$ cat my_file-v2.pdb   # PDB, C-alpha atoms
ATOM      1  CA  MET A   1     -25.563 121.789  40.834  1.00  0.00           C
ATOM      2  CA  SER A   2     -26.855 118.655  39.277  1.00  0.00           C
ATOM      3  CA  ASP A   3     -26.187 119.457  35.636  1.00  0.00           C
ATOM      4  CA  GLU A   4     -22.487 119.739  36.429  1.00  0.00           C
ATOM      5  CA  THR A   5     -22.292 115.982  36.507  1.00  0.00           C
ATOM      6  CA  ARG A   6     -23.004 115.838  32.768  1.00  0.00           C
ATOM      7  CA  PHE A   7     -19.661 117.374  31.799  1.00  0.00           C
ATOM      8  CA  ALA A   8     -16.320 115.626  31.628  1.00  0.00           C
ATOM      9  CA  LYS A   9     -14.217 117.914  33.761  1.00  0.00           C
ATOM     10  CA  ASN A  10     -10.678 118.808  34.725  1.00  0.00           C
ATOM     11  CA  LEU A  11      -8.982 117.218  31.732  1.00  0.00           C
ATOM     12  CA  THR A  12      -5.688 118.661  30.530  1.00  0.00           C
ATOM     13  CA  PRO A  13      -4.793 118.466  26.817  1.00  0.00           C
ATOM     14  CA  PRO A  14      -3.492 116.604  25.048  1.00  0.00           C
ATOM     15  CA  TYR A  15      -5.849 113.655  25.385  1.00  0.00           C
ATOM     16  CA  TYR A  16      -8.068 111.730  23.004  1.00  0.00           C
ATOM     17  CA  ALA A  17     -11.777 111.577  22.207  1.00  0.00           C
ATOM     18  CA  VAL A  18     -14.077 109.094  20.558  1.00  0.00           C
ATOM     19  CA  ILE A  19     -16.947 111.046  18.985  1.00  0.00           C
ATOM     20  CA  PHE A  20     -19.861 108.683  18.392  1.00  0.00           C
ATOM     21  CA  ALA A  21     -22.864 110.158  16.564  1.00  0.00           C
ATOM     22  CA  ASN A  22     -25.662 107.661  16.105  1.00  0.00           C
ATOM     23  CA  GLN A  23     -29.267 107.279  15.078  1.00  0.00           C
ATOM     24  CA  LEU A  24     -31.314 104.695  16.970  1.00  0.00           C
ATOM     25  CA  ARG A  25     -34.082 102.728  15.298  1.00  0.00           C
ATOM     26  CA  GLN A  26     -37.560 102.984  16.738  1.00  0.00           C
ATOM     27  CA  ASP A  27     -38.152 100.942  19.904  1.00  0.00           C
ATOM     28  CA  PRO A  28     -34.611  99.589  20.365  1.00  0.00           C
ATOM     29  CA  ILE A  29     -35.427  96.829  22.838  1.00  0.00           C
ATOM     30  CA  GLY A  30     -32.620  96.196  25.312  1.00  0.00           C
ATOM     31  CA  TYR A  31     -30.619  99.222  24.240  1.00  0.00           C
ATOM     32  CA  ASP A  32     -30.895 101.247  27.438  1.00  0.00           C
ATOM     33  CA  GLU A  33     -29.655  98.438  29.657  1.00  0.00           C
ATOM     34  CA  THR A  34     -26.679  97.747  27.424  1.00  0.00           C
ATOM     35  CA  ALA A  35     -25.843 101.433  27.059  1.00  0.00           C
ATOM     36  CA  GLN A  36     -25.849 101.841  30.833  1.00  0.00           C
ATOM     37  CA  ARG A  37     -23.650  98.776  31.227  1.00  0.00           C
ATOM     38  CA  MET A  38     -21.194 100.128  28.638  1.00  0.00           C
ATOM     39  CA  VAL A  39     -20.937 103.438  30.528  1.00  0.00           C
ATOM     40  CA  GLU A  40     -20.111 101.473  33.667  1.00  0.00           C
ATOM     41  CA  LEU A  41     -17.663  99.169  31.905  1.00  0.00           C
ATOM     42  CA  ALA A  42     -15.897 101.978  30.026  1.00  0.00           C
ATOM     43  CA  SER A  43     -15.363 103.875  33.253  1.00  0.00           C
ATOM     44  CA  GLN A  44     -13.412 100.899  34.616  1.00  0.00           C
ATOM     45  CA  GLN A  45     -10.983 100.749  31.678  1.00  0.00           C
ATOM     46  CA  PRO A  46      -7.380 101.930  31.970  1.00  0.00           C
ATOM     47  CA  GLY A  47      -6.963 105.381  30.473  1.00  0.00           C
ATOM     48  CA  TYR A  48     -10.662 106.333  30.616  1.00  0.00           C
ATOM     49  CA  LEU A  49     -11.040 110.020  31.500  1.00  0.00           C
ATOM     50  CA  GLY A  50     -14.773 110.700  31.226  1.00  0.00           C
ATOM     51  CA  ALA A  51     -17.647 111.085  28.789  1.00  0.00           C
ATOM     52  CA  GLU A  52     -20.473 113.383  27.707  1.00  0.00           C
ATOM     53  CA  SER A  53     -23.649 112.028  26.168  1.00  0.00           C
ATOM     54  CA  THR A  54     -27.055 113.247  25.037  1.00  0.00           C
ATOM     55  CA  ARG A  55     -29.876 112.156  22.763  1.00  0.00           C
ATOM     56  CA  ASP A  56     -32.951 113.909  21.423  1.00  0.00           C
ATOM     57  CA  THR A  57     -36.493 112.581  21.191  1.00  0.00           C
ATOM     58  CA  THR A  58     -35.943 111.398  17.592  1.00  0.00           C
ATOM     59  CA  GLY A  59     -33.223 109.012  18.788  1.00  0.00           C
ATOM     60  CA  PHE A  60     -30.293 110.987  17.410  1.00  0.00           C
ATOM     61  CA  GLY A  61     -27.494 110.806  19.967  1.00  0.00           C
ATOM     62  CA  ILE A  62     -23.938 111.970  20.425  1.00  0.00           C
ATOM     63  CA  THR A  63     -21.579 110.411  22.957  1.00  0.00           C
ATOM     64  CA  VAL A  64     -18.046 111.702  23.352  1.00  0.00           C
ATOM     65  CA  SER A  65     -15.742 109.608  25.517  1.00  0.00           C
ATOM     66  CA  TYR A  66     -12.317 110.836  26.559  1.00  0.00           C
ATOM     67  CA  TRP A  67      -9.167 108.742  26.850  1.00  0.00           C
ATOM     68  CA  GLN A  68      -5.545 109.181  27.830  1.00  0.00           C
ATOM     69  CA  ASP A  69      -4.108 107.839  24.589  1.00  0.00           C
ATOM     70  CA  LEU A  70      -4.847 105.816  21.456  1.00  0.00           C
ATOM     71  CA  GLU A  71      -3.755 102.608  23.153  1.00  0.00           C
ATOM     72  CA  ALA A  72      -6.520 102.978  25.726  1.00  0.00           C
ATOM     73  CA  ILE A  73      -9.082 103.469  22.936  1.00  0.00           C
ATOM     74  CA  LYS A  74      -7.832 100.408  21.116  1.00  0.00           C
ATOM     75  CA  ALA A  75      -7.969  98.273  24.253  1.00  0.00           C
ATOM     76  CA  TRP A  76     -11.549  99.395  24.885  1.00  0.00           C
ATOM     77  CA  LYS A  77     -12.464  98.526  21.310  1.00  0.00           C
ATOM     78  CA  LEU A  78     -11.135  95.001  21.855  1.00  0.00           C
ATOM     79  CA  GLU A  79     -12.830  94.487  25.250  1.00  0.00           C
ATOM     80  CA  SER A  80     -14.994  91.408  24.749  1.00  0.00           C
ATOM     81  CA  GLU A  81     -18.283  92.555  26.305  1.00  0.00           C
ATOM     82  CA  HIS A  82     -17.998  95.849  24.408  1.00  0.00           C
ATOM     83  CA  THR A  83     -17.338  93.994  21.162  1.00  0.00           C
ATOM     84  CA  LEU A  84     -20.501  91.944  21.664  1.00  0.00           C
ATOM     85  CA  ALA A  85     -22.489  95.081  22.463  1.00  0.00           C
ATOM     86  CA  ARG A  86     -21.303  96.721  19.227  1.00  0.00           C
ATOM     87  CA  GLU A  87     -22.404  93.670  17.249  1.00  0.00           C
ATOM     88  CA  ASN A  88     -25.814  93.816  18.899  1.00  0.00           C
ATOM     89  CA  GLY A  89     -25.908  97.529  18.156  1.00  0.00           C
ATOM     90  CA  ARG A  90     -25.566  96.950  14.437  1.00  0.00           C
ATOM     91  CA  ARG A  91     -27.939  93.998  14.485  1.00  0.00           C
ATOM     92  CA  LEU A  92     -30.680  95.440  16.694  1.00  0.00           C
ATOM     93  CA  TRP A  93     -30.452  99.087  17.683  1.00  0.00           C
ATOM     94  CA  TYR A  94     -28.696 101.463  15.314  1.00  0.00           C
ATOM     95  CA  GLN A  95     -29.900 102.866  12.035  1.00  0.00           C
ATOM     96  CA  GLY A  96     -26.437 104.222  11.448  1.00  0.00           C
ATOM     97  CA  TYR A  97     -23.456 105.857  13.087  1.00  0.00           C
ATOM     98  CA  GLU A  98     -20.333 107.900  12.542  1.00  0.00           C
ATOM     99  CA  LEU A  99     -17.361 107.288  14.820  1.00  0.00           C
ATOM    100  CA  ARG A 100     -14.356 109.596  14.861  1.00  0.00           C
ATOM    101  CA  ILE A 101     -11.147 109.400  16.853  1.00  0.00           C
ATOM    102  CA  ALA A 102      -9.610 112.735  17.684  1.00  0.00           C
ATOM    103  CA  LYS A 103      -6.764 114.298  19.598  1.00  0.00           C
ATOM    104  CA  ILE A 104      -7.918 117.117  21.866  1.00  0.00           C
ATOM    105  CA  GLU A 105      -5.464 119.958  21.480  1.00  0.00           C
ATOM    106  CA  HIS A 106      -7.193 122.840  23.287  1.00  0.00           C
ATOM    107  CA  ALA A 107     -10.036 123.078  25.776  1.00  0.00           C
ATOM    108  CA  TYR A 108     -12.035 125.864  27.399  1.00  0.00           C
ATOM    109  CA  ASN A 109     -14.935 125.951  29.770  1.00  0.00           C
ATOM    110  CA  TRP A 110     -17.345 128.363  31.329  1.00  0.00           C
ATOM    111  CA  ARG A 111     -19.891 128.200  34.129  1.00  0.00           C
ATOM    112  CA  PHE A 112     -22.643 130.631  35.045  1.00  0.00           C
ATOM    113  CA  GLY A 113     -21.353 133.145  37.568  1.00  0.00           C
ATOM    114  CA  GLU A 114     -17.865 133.270  36.113  1.00  0.00           C
ATOM    115  CA  SER A 115     -16.772 136.394  34.310  1.00  0.00           C
ATOM    116  CA  ASP A 116     -16.181 136.215  30.568  1.00  0.00           C
TER
ATOM    117  CA  MET B   1     -33.671 108.327   4.606  1.00  0.00           C
ATOM    118  CA  SER B   2     -34.326 111.436   6.614  1.00  0.00           C
ATOM    119  CA  ASP B   3     -32.046 110.704   9.548  1.00  0.00           C
ATOM    120  CA  GLU B   4     -29.084 110.609   7.168  1.00  0.00           C
ATOM    121  CA  THR B   5     -29.173 114.372   7.075  1.00  0.00           C
ATOM    122  CA  ARG B   6     -28.146 114.507  10.735  1.00  0.00           C
ATOM    123  CA  PHE B   7     -24.663 113.135  10.085  1.00  0.00           C
ATOM    124  CA  ALA B   8     -21.671 115.027   8.775  1.00  0.00           C
ATOM    125  CA  LYS B   9     -20.631 112.805   5.897  1.00  0.00           C
ATOM    126  CA  ASN B  10     -17.850 112.089   3.452  1.00  0.00           C
ATOM    127  CA  LEU B  11     -15.082 113.784   5.408  1.00  0.00           C
ATOM    128  CA  THR B  12     -11.541 112.508   4.996  1.00  0.00           C
ATOM    129  CA  PRO B  13      -9.105 112.796   7.922  1.00  0.00           C
ATOM    130  CA  PRO B  14      -7.226 114.726   8.946  1.00  0.00           C
ATOM    131  CA  TYR B  15      -9.620 117.556   9.725  1.00  0.00           C
ATOM    132  CA  TYR B  16     -10.637 119.407  12.872  1.00  0.00           C
ATOM    133  CA  ALA B  17     -13.608 119.394  15.244  1.00  0.00           C
ATOM    134  CA  VAL B  18     -15.048 121.787  17.778  1.00  0.00           C
ATOM    135  CA  ILE B  19     -16.815 119.722  20.436  1.00  0.00           C
ATOM    136  CA  PHE B  20     -19.271 121.954  22.293  1.00  0.00           C
ATOM    137  CA  ALA B  21     -21.070 120.355  25.242  1.00  0.00           C
ATOM    138  CA  ASN B  22     -23.483 122.727  26.909  1.00  0.00           C
ATOM    139  CA  GLN B  23     -26.263 122.970  29.459  1.00  0.00           C
ATOM    140  CA  LEU B  24     -29.057 125.433  28.714  1.00  0.00           C
ATOM    141  CA  ARG B  25     -30.884 127.292  31.457  1.00  0.00           C
ATOM    142  CA  GLN B  26     -34.629 126.867  31.694  1.00  0.00           C
ATOM    143  CA  ASP B  27     -36.656 128.847  29.139  1.00  0.00           C
ATOM    144  CA  PRO B  28     -33.751 130.362  27.174  1.00  0.00           C
ATOM    145  CA  ILE B  29     -35.711 133.057  25.358  1.00  0.00           C
ATOM    146  CA  GLY B  30     -34.327 133.770  21.909  1.00  0.00           C
ATOM    147  CA  TYR B  31     -31.918 130.847  21.948  1.00  0.00           C
ATOM    148  CA  ASP B  32     -33.518 128.784  19.171  1.00  0.00           C
ATOM    149  CA  GLU B  33     -33.517 131.611  16.659  1.00  0.00           C
ATOM    150  CA  THR B  34     -29.902 132.471  17.351  1.00  0.00           C
ATOM    151  CA  ALA B  35     -28.824 128.831  17.254  1.00  0.00           C
ATOM    152  CA  GLN B  36     -30.490 128.383  13.882  1.00  0.00           C
ATOM    153  CA  ARG B  37     -28.835 131.548  12.592  1.00  0.00           C
ATOM    154  CA  MET B  38     -25.423 130.340  13.802  1.00  0.00           C
ATOM    155  CA  VAL B  39     -25.879 127.020  11.956  1.00  0.00           C
ATOM    156  CA  GLU B  40     -26.631 128.974   8.796  1.00  0.00           C
ATOM    157  CA  LEU B  41     -23.768 131.415   9.318  1.00  0.00           C
ATOM    158  CA  ALA B  42     -21.221 128.709  10.174  1.00  0.00           C
ATOM    159  CA  SER B  43     -22.090 126.810   7.013  1.00  0.00           C
ATOM    160  CA  GLN B  44     -21.081 129.852   4.971  1.00  0.00           C
ATOM    161  CA  GLN B  45     -17.611 130.156   6.522  1.00  0.00           C
ATOM    162  CA  PRO B  46     -14.473 129.131   4.647  1.00  0.00           C
ATOM    163  CA  GLY B  47     -13.265 125.722   5.765  1.00  0.00           C
ATOM    164  CA  TYR B  48     -16.593 124.601   7.267  1.00  0.00           C
ATOM    165  CA  LEU B  49     -17.157 120.884   6.609  1.00  0.00           C
ATOM    166  CA  GLY B  50     -20.350 120.030   8.497  1.00  0.00           C
ATOM    167  CA  ALA B  51     -21.822 119.536  11.965  1.00  0.00           C
ATOM    168  CA  GLU B  52     -23.747 117.124  14.178  1.00  0.00           C
ATOM    169  CA  SER B  53     -25.965 118.352  16.988  1.00  0.00           C
ATOM    170  CA  THR B  54     -28.450 116.979  19.487  1.00  0.00           C
ATOM    171  CA  ARG B  55     -30.022 117.979  22.809  1.00  0.00           C
ATOM    172  CA  ASP B  56     -32.079 116.094  25.341  1.00  0.00           C
ATOM    173  CA  THR B  57     -35.195 117.260  27.154  1.00  0.00           C
ATOM    174  CA  THR B  58     -33.156 118.505  30.135  1.00  0.00           C
ATOM    175  CA  GLY B  59     -31.379 121.004  27.880  1.00  0.00           C
ATOM    176  CA  PHE B  60     -28.051 119.184  27.793  1.00  0.00           C
ATOM    177  CA  GLY B  61     -26.703 119.439  24.247  1.00  0.00           C
ATOM    178  CA  ILE B  62     -23.667 118.458  22.240  1.00  0.00           C
ATOM    179  CA  THR B  63     -22.771 120.090  18.942  1.00  0.00           C
ATOM    180  CA  VAL B  64     -19.723 118.967  17.011  1.00  0.00           C
ATOM    181  CA  SER B  65     -18.726 121.137  14.065  1.00  0.00           C
ATOM    182  CA  TYR B  66     -16.051 120.063  11.591  1.00  0.00           C
ATOM    183  CA  TRP B  67     -13.477 122.294   9.939  1.00  0.00           C
ATOM    184  CA  GLN B  68     -10.656 122.020   7.453  1.00  0.00           C
ATOM    185  CA  ASP B  69      -7.984 123.470   9.723  1.00  0.00           C
ATOM    186  CA  LEU B  70      -7.345 125.485  12.881  1.00  0.00           C
ATOM    187  CA  GLU B  71      -7.261 128.728  10.917  1.00  0.00           C
ATOM    188  CA  ALA B  72     -10.880 128.196   9.837  1.00  0.00           C
ATOM    189  CA  ILE B  73     -11.905 127.609  13.468  1.00  0.00           C
ATOM    190  CA  LYS B  74     -10.103 130.751  14.582  1.00  0.00           C
ATOM    191  CA  ALA B  75     -11.740 132.851  11.849  1.00  0.00           C
ATOM    192  CA  TRP B  76     -15.178 131.542  12.873  1.00  0.00           C
ATOM    193  CA  LYS B  77     -14.438 132.412  16.499  1.00  0.00           C
ATOM    194  CA  LEU B  78     -13.648 135.980  15.449  1.00  0.00           C
ATOM    195  CA  GLU B  79     -16.692 136.398  13.170  1.00  0.00           C
ATOM    196  CA  SER B  80     -18.557 139.373  14.617  1.00  0.00           C
ATOM    197  CA  GLU B  81     -22.135 138.053  14.681  1.00  0.00           C
ATOM    198  CA  HIS B  82     -20.872 134.801  16.210  1.00  0.00           C
ATOM    199  CA  THR B  83     -18.930 136.725  18.838  1.00  0.00           C
ATOM    200  CA  LEU B  84     -22.076 138.614  19.819  1.00  0.00           C
ATOM    201  CA  ALA B  85     -24.067 135.377  19.959  1.00  0.00           C
ATOM    202  CA  ARG B  86     -21.486 133.835  22.304  1.00  0.00           C
ATOM    203  CA  GLU B  87     -21.725 136.853  24.598  1.00  0.00           C
ATOM    204  CA  ASN B  88     -25.514 136.532  24.631  1.00  0.00           C
ATOM    205  CA  GLY B  89     -25.095 132.825  25.291  1.00  0.00           C
ATOM    206  CA  ARG B  90     -23.166 133.467  28.479  1.00  0.00           C
ATOM    207  CA  ARG B  91     -25.433 136.296  29.538  1.00  0.00           C
ATOM    208  CA  LEU B  92     -28.806 134.702  28.765  1.00  0.00           C
ATOM    209  CA  TRP B  93     -28.889 131.065  27.736  1.00  0.00           C
ATOM    210  CA  TYR B  94     -26.145 128.797  29.040  1.00  0.00           C
ATOM    211  CA  GLN B  95     -25.702 127.366  32.490  1.00  0.00           C
ATOM    212  CA  GLY B  96     -22.266 126.182  31.476  1.00  0.00           C
ATOM    213  CA  TYR B  97     -20.261 124.673  28.675  1.00  0.00           C
ATOM    214  CA  GLU B  98     -17.125 122.771  27.742  1.00  0.00           C
ATOM    215  CA  LEU B  99     -15.506 123.510  24.393  1.00  0.00           C
ATOM    216  CA  ARG B 100     -12.740 121.339  22.986  1.00  0.00           C
ATOM    217  CA  ILE B 101     -10.762 121.662  19.785  1.00  0.00           C
ATOM    218  CA  ALA B 102      -9.601 118.389  18.318  1.00  0.00           C
ATOM    219  CA  LYS B 103      -7.829 116.948  15.323  1.00  0.00           C
ATOM    220  CA  ILE B 104      -9.751 114.053  13.769  1.00  0.00           C
ATOM    221  CA  GLU B 105      -7.253 111.333  12.996  1.00  0.00           C
ATOM    222  CA  HIS B 106      -9.455 108.344  12.126  1.00  0.00           C
ATOM    223  CA  ALA B 107     -13.111 107.943  11.146  1.00  0.00           C
ATOM    224  CA  TYR B 108     -15.483 105.050  10.553  1.00  0.00           C
ATOM    225  CA  ASN B 109     -19.138 104.819   9.716  1.00  0.00           C
ATOM    226  CA  TRP B 110     -21.864 102.273   9.360  1.00  0.00           C
ATOM    227  CA  ARG B 111     -25.409 102.290   7.990  1.00  0.00           C
ATOM    228  CA  PHE B 112     -28.155  99.722   8.369  1.00  0.00           C
ATOM    229  CA  GLY B 113     -28.002  97.261   5.482  1.00  0.00           C
ATOM    230  CA  GLU B 114     -24.220  97.313   5.257  1.00  0.00           C
ATOM    231  CA  SER B 115     -22.301  94.258   6.343  1.00  0.00           C
ATOM    232  CA  ASP B 116     -20.091  94.506   9.411  1.00  0.00           C
TER
END
$ encode --input "my_file-v2.pdb" --output "structure tokens"
Amino acid sequence: MSDETRFAKNLTPPYYAVIFANQLRQDPIGYDETAQRMVELASQQPGYLGAESTRDTTGFGITVSYWQDLEAIKAWKLESEHTLARENGRRLWYQGYELRIAKIEHAYNWRFGESD
Amino acid sequence: MSDETRFAKNLTPPYYAVIFANQLRQDPIGYDETAQRMVELASQQPGYLGAESTRDTTGFGITVSYWQDLEAIKAWKLESEHTLARENGRRLWYQGYELRIAKIEHAYNWRFGESD
């Protein structure tokens, strides 16, 4: 079913996550295009495992991206187009954000139709 | 400013996170009340540090709750009203979910008006 594509799937701990909670400003011109490009670019990086992302109508969003190791996260941080996008984010689009780097130790999932 | 209240703030690593990505079914009757009650109940548990949560108009949501240690997460899992709510979630409200338990190792934040 279509919603299945929203989950990052079939990942085996341990792996790493970047938890990015953010509040957009009103009318963040150019944000959507850049965000879409960053999704595409991240997915091409070594060690990228997947991501989950959502945002409510007030502009409060959470994106969690998953990575093989800390080195992959660091390399993505240093990627030049991503670095420029982050600068534009602070200058133009975000009201604020919290970014946390975490090691996933355990994971569980459930889909409708499975038993408990 | 009002959006500040959406972030979990002033946490010092290491601490733990429960990353809960979930897809609601259409018209999940009773979900909102139970979700609100679980926010209230979680905030009363020992070791609870805060949470961030958002959901888009398709019903795809991410809630990240933060905890002092794995023991606090385990105790919250076993809390009886929460256990019942999870059972109702699978029976009535969720199409599917992914739940990950992670150790936060590094954290950064930024607010509009700060320098880079």
$ residues_near_point --input "my_file-v2.pdb" --point "(-10.7, 120.2, 23.2)" --cutoff "7 Å" --atoms "all atoms listed in the file" --output "PDB file with C-alpha atoms, keeping the file's coordinate frame"
ATOM      1  CA  ILE A 104      -7.918 117.117  21.866  1.00  0.00           C
ATOM      2  CA  GLU A 105      -5.464 119.958  21.480  1.00  0.00           C
ATOM      3  CA  HIS A 106      -7.193 122.840  23.287  1.00  0.00           C
ATOM      4  CA  ALA A 107     -10.036 123.078  25.776  1.00  0.00           C
TER       5      ALA A 107
ATOM      6  CA  ILE B  19     -16.815 119.722  20.436  1.00  0.00           C
ATOM      7  CA  LEU B  99     -15.506 123.510  24.393  1.00  0.00           C
ATOM      8  CA  ARG B 100     -12.740 121.339  22.986  1.00  0.00           C
ATOM      9  CA  ILE B 101     -10.762 121.662  19.785  1.00  0.00           C
ATOM     10  CA  ALA B 102      -9.601 118.389  18.318  1.00  0.00           C
TER      11      ALA B 102
END
$ resolve_selection --input "my_file-v2.pdb" --expression "the PyMOL selection byres ((chain A) within 8 of (chain B))" --output "PyMOL selection string"
chain A and resi 3+6-7+21+23+52-57+60-62+90+94-112+116
$ axis_aligned_box --input "my_file-v2.pdb" --around "region 39-56 of chain A" --padding-each-side "6 Å" --output "lines of an AutoDock Vina configuration file"
center_x = -20.0
center_y = 106.5
center_z = 28.0
size_x = 38.0
size_y = 26.7
size_z = 25.2
$ atom_distance --input "my_file-v2.pdb" --atom1 "CA of Leu70 (chain B)" --atom2 "CA of Val39 (chain B)"
18.6 Å
$ resolve_selection --input "my_file-v2.pdb" --expression "the PyMOL selection byres ((chain B and resi 30) around 10)" --output "MDAnalysis selection string"
chainID B and resid 27:29 31:35 88:89 92:93
$ atom_distance --input "my_file-v2.pdb" --atom1 "CA of Trp76 (chain B)" --atom2 "CA of Arg37 (chain B)"
13.7 Å
$ resolve_selection --input "my_file-v2.pdb" --expression "the PyMOL selection byres ((chain B and resi 47) around 12)" --output "ChimeraX atom specification"
/B:15-17,42-46,48-50,65-76
$ atom_distance --input "my_file-v2.pdb" --atom1 "CA of Thr83 (chain A)" --atom2 "CA of Ala51 (chain A)"
18.7 Å
$ decode --input "my_file-v2.pdb" --residues "region 46-63 of chain B" --atoms "N, CA, C and O atoms" --output "PDB file, in the first residue's frame"
ATOM      1  N   PRO B  46       8.865   8.619  35.715  1.00  0.00           N
ATOM      2  CA  PRO B  46      10.261   8.848  36.095  1.00  0.00           C
ATOM      3  C   PRO B  46      11.172   8.735  34.871  1.00  0.00           C
ATOM      4  O   PRO B  46      11.011   7.825  34.044  1.00  0.00           O
ATOM      5  N   GLY B  47      12.093   9.666  34.750  1.00  0.00           N
ATOM      6  CA  GLY B  47      13.065   9.607  33.668  1.00  0.00           C
ATOM      7  C   GLY B  47      12.615  10.219  32.364  1.00  0.00           C
ATOM      8  O   GLY B  47      13.380  10.248  31.397  1.00  0.00           O
ATOM      9  N   TYR B  48      11.367  10.727  32.312  1.00  0.00           N
ATOM     10  CA  TYR B  48      10.884  11.394  31.094  1.00  0.00           C
ATOM     11  C   TYR B  48      11.550  12.765  30.964  1.00  0.00           C
ATOM     12  O   TYR B  48      11.584  13.537  31.917  1.00  0.00           O
ATOM     13  N   LEU B  49      12.060  13.069  29.764  1.00  0.00           N
ATOM     14  CA  LEU B  49      12.778  14.333  29.565  1.00  0.00           C
ATOM     15  C   LEU B  49      12.069  15.298  28.625  1.00  0.00           C
ATOM     16  O   LEU B  49      12.375  16.492  28.622  1.00  0.00           O
ATOM     17  N   GLY B  50      11.152  14.796  27.798  1.00  0.00           N
ATOM     18  CA  GLY B  50      10.477  15.671  26.843  1.00  0.00           C
ATOM     19  C   GLY B  50      10.100  14.898  25.595  1.00  0.00           C
ATOM     20  O   GLY B  50      10.359  13.700  25.485  1.00  0.00           O
ATOM     21  N   ALA B  51       9.467  15.591  24.641  1.00  0.00           N
ATOM     22  CA  ALA B  51       9.048  14.933  23.401  1.00  0.00           C
ATOM     23  C   ALA B  51       8.850  15.969  22.307  1.00  0.00           C
ATOM     24  O   ALA B  51       8.622  17.153  22.585  1.00  0.00           O
ATOM     25  N   GLU B  52       8.944  15.493  21.065  1.00  0.00           N
ATOM     26  CA  GLU B  52       8.620  16.304  19.885  1.00  0.00           C
ATOM     27  C   GLU B  52       7.705  15.473  19.006  1.00  0.00           C
ATOM     28  O   GLU B  52       7.931  14.269  18.840  1.00  0.00           O
ATOM     29  N   SER B  53       6.677  16.093  18.438  1.00  0.00           N
ATOM     30  CA  SER B  53       5.683  15.313  17.715  1.00  0.00           C
ATOM     31  C   SER B  53       5.063  16.143  16.617  1.00  0.00           C
ATOM     32  O   SER B  53       4.773  17.334  16.804  1.00  0.00           O
ATOM     33  N   THR B  54       4.837  15.534  15.471  1.00  0.00           N
ATOM     34  CA  THR B  54       4.146  16.223  14.381  1.00  0.00           C
ATOM     35  C   THR B  54       3.501  15.186  13.467  1.00  0.00           C
ATOM     36  O   THR B  54       3.881  14.007  13.481  1.00  0.00           O
ATOM     37  N   ARG B  55       2.508  15.628  12.703  1.00  0.00           N
ATOM     38  CA  ARG B  55       1.768  14.715  11.816  1.00  0.00           C
ATOM     39  C   ARG B  55       1.246  15.511  10.641  1.00  0.00           C
ATOM     40  O   ARG B  55       0.726  16.616  10.804  1.00  0.00           O
ATOM     41  N   ASP B  56       1.358  14.949   9.454  1.00  0.00           N
ATOM     42  CA  ASP B  56       0.868  15.670   8.284  1.00  0.00           C
ATOM     43  C   ASP B  56      -0.591  15.317   7.995  1.00  0.00           C
ATOM     44  O   ASP B  56      -1.205  14.512   8.702  1.00  0.00           O
ATOM     45  N   THR B  57      -1.137  15.930   6.972  1.00  0.00           N
ATOM     46  CA  THR B  57      -2.570  15.779   6.697  1.00  0.00           C
ATOM     47  C   THR B  57      -2.927  14.407   6.137  1.00  0.00           C
ATOM     48  O   THR B  57      -4.111  14.057   6.076  1.00  0.00           O
ATOM     49  N   THR B  58      -1.929  13.592   5.786  1.00  0.00           N
ATOM     50  CA  THR B  58      -2.212  12.218   5.359  1.00  0.00           C
ATOM     51  C   THR B  58      -2.267  11.256   6.539  1.00  0.00           C
ATOM     52  O   THR B  58      -2.521  10.070   6.357  1.00  0.00           O
ATOM     53  N   GLY B  59      -1.949  11.774   7.749  1.00  0.00           N
ATOM     54  CA  GLY B  59      -1.946  10.903   8.921  1.00  0.00           C
ATOM     55  C   GLY B  59      -0.611  10.248   9.208  1.00  0.00           C
ATOM     56  O   GLY B  59      -0.522   9.368  10.060  1.00  0.00           O
ATOM     57  N   PHE B  60       0.438  10.666   8.502  1.00  0.00           N
ATOM     58  CA  PHE B  60       1.765  10.127   8.795  1.00  0.00           C
ATOM     59  C   PHE B  60       2.413  10.990   9.877  1.00  0.00           C
ATOM     60  O   PHE B  60       2.592  12.208   9.690  1.00  0.00           O
ATOM     61  N   GLY B  61       2.737  10.383  11.009  1.00  0.00           N
ATOM     62  CA  GLY B  61       3.255  11.125  12.148  1.00  0.00           C
ATOM     63  C   GLY B  61       4.574  10.582  12.643  1.00  0.00           C
ATOM     64  O   GLY B  61       4.899   9.406  12.450  1.00  0.00           O
ATOM     65  N   ILE B  62       5.341  11.458  13.269  1.00  0.00           N
ATOM     66  CA  ILE B  62       6.552  11.055  13.974  1.00  0.00           C
ATOM     67  C   ILE B  62       6.513  11.690  15.354  1.00  0.00           C
ATOM     68  O   ILE B  62       6.307  12.904  15.476  1.00  0.00           O
ATOM     69  N   THR B  63       6.665  10.864  16.373  1.00  0.00           N
ATOM     70  CA  THR B  63       6.820  11.344  17.741  1.00  0.00           C
ATOM     71  C   THR B  63       8.143  10.817  18.268  1.00  0.00           C
ATOM     72  O   THR B  63       8.420   9.620  18.165  1.00  0.00           O
TER      73      THR B  63
END
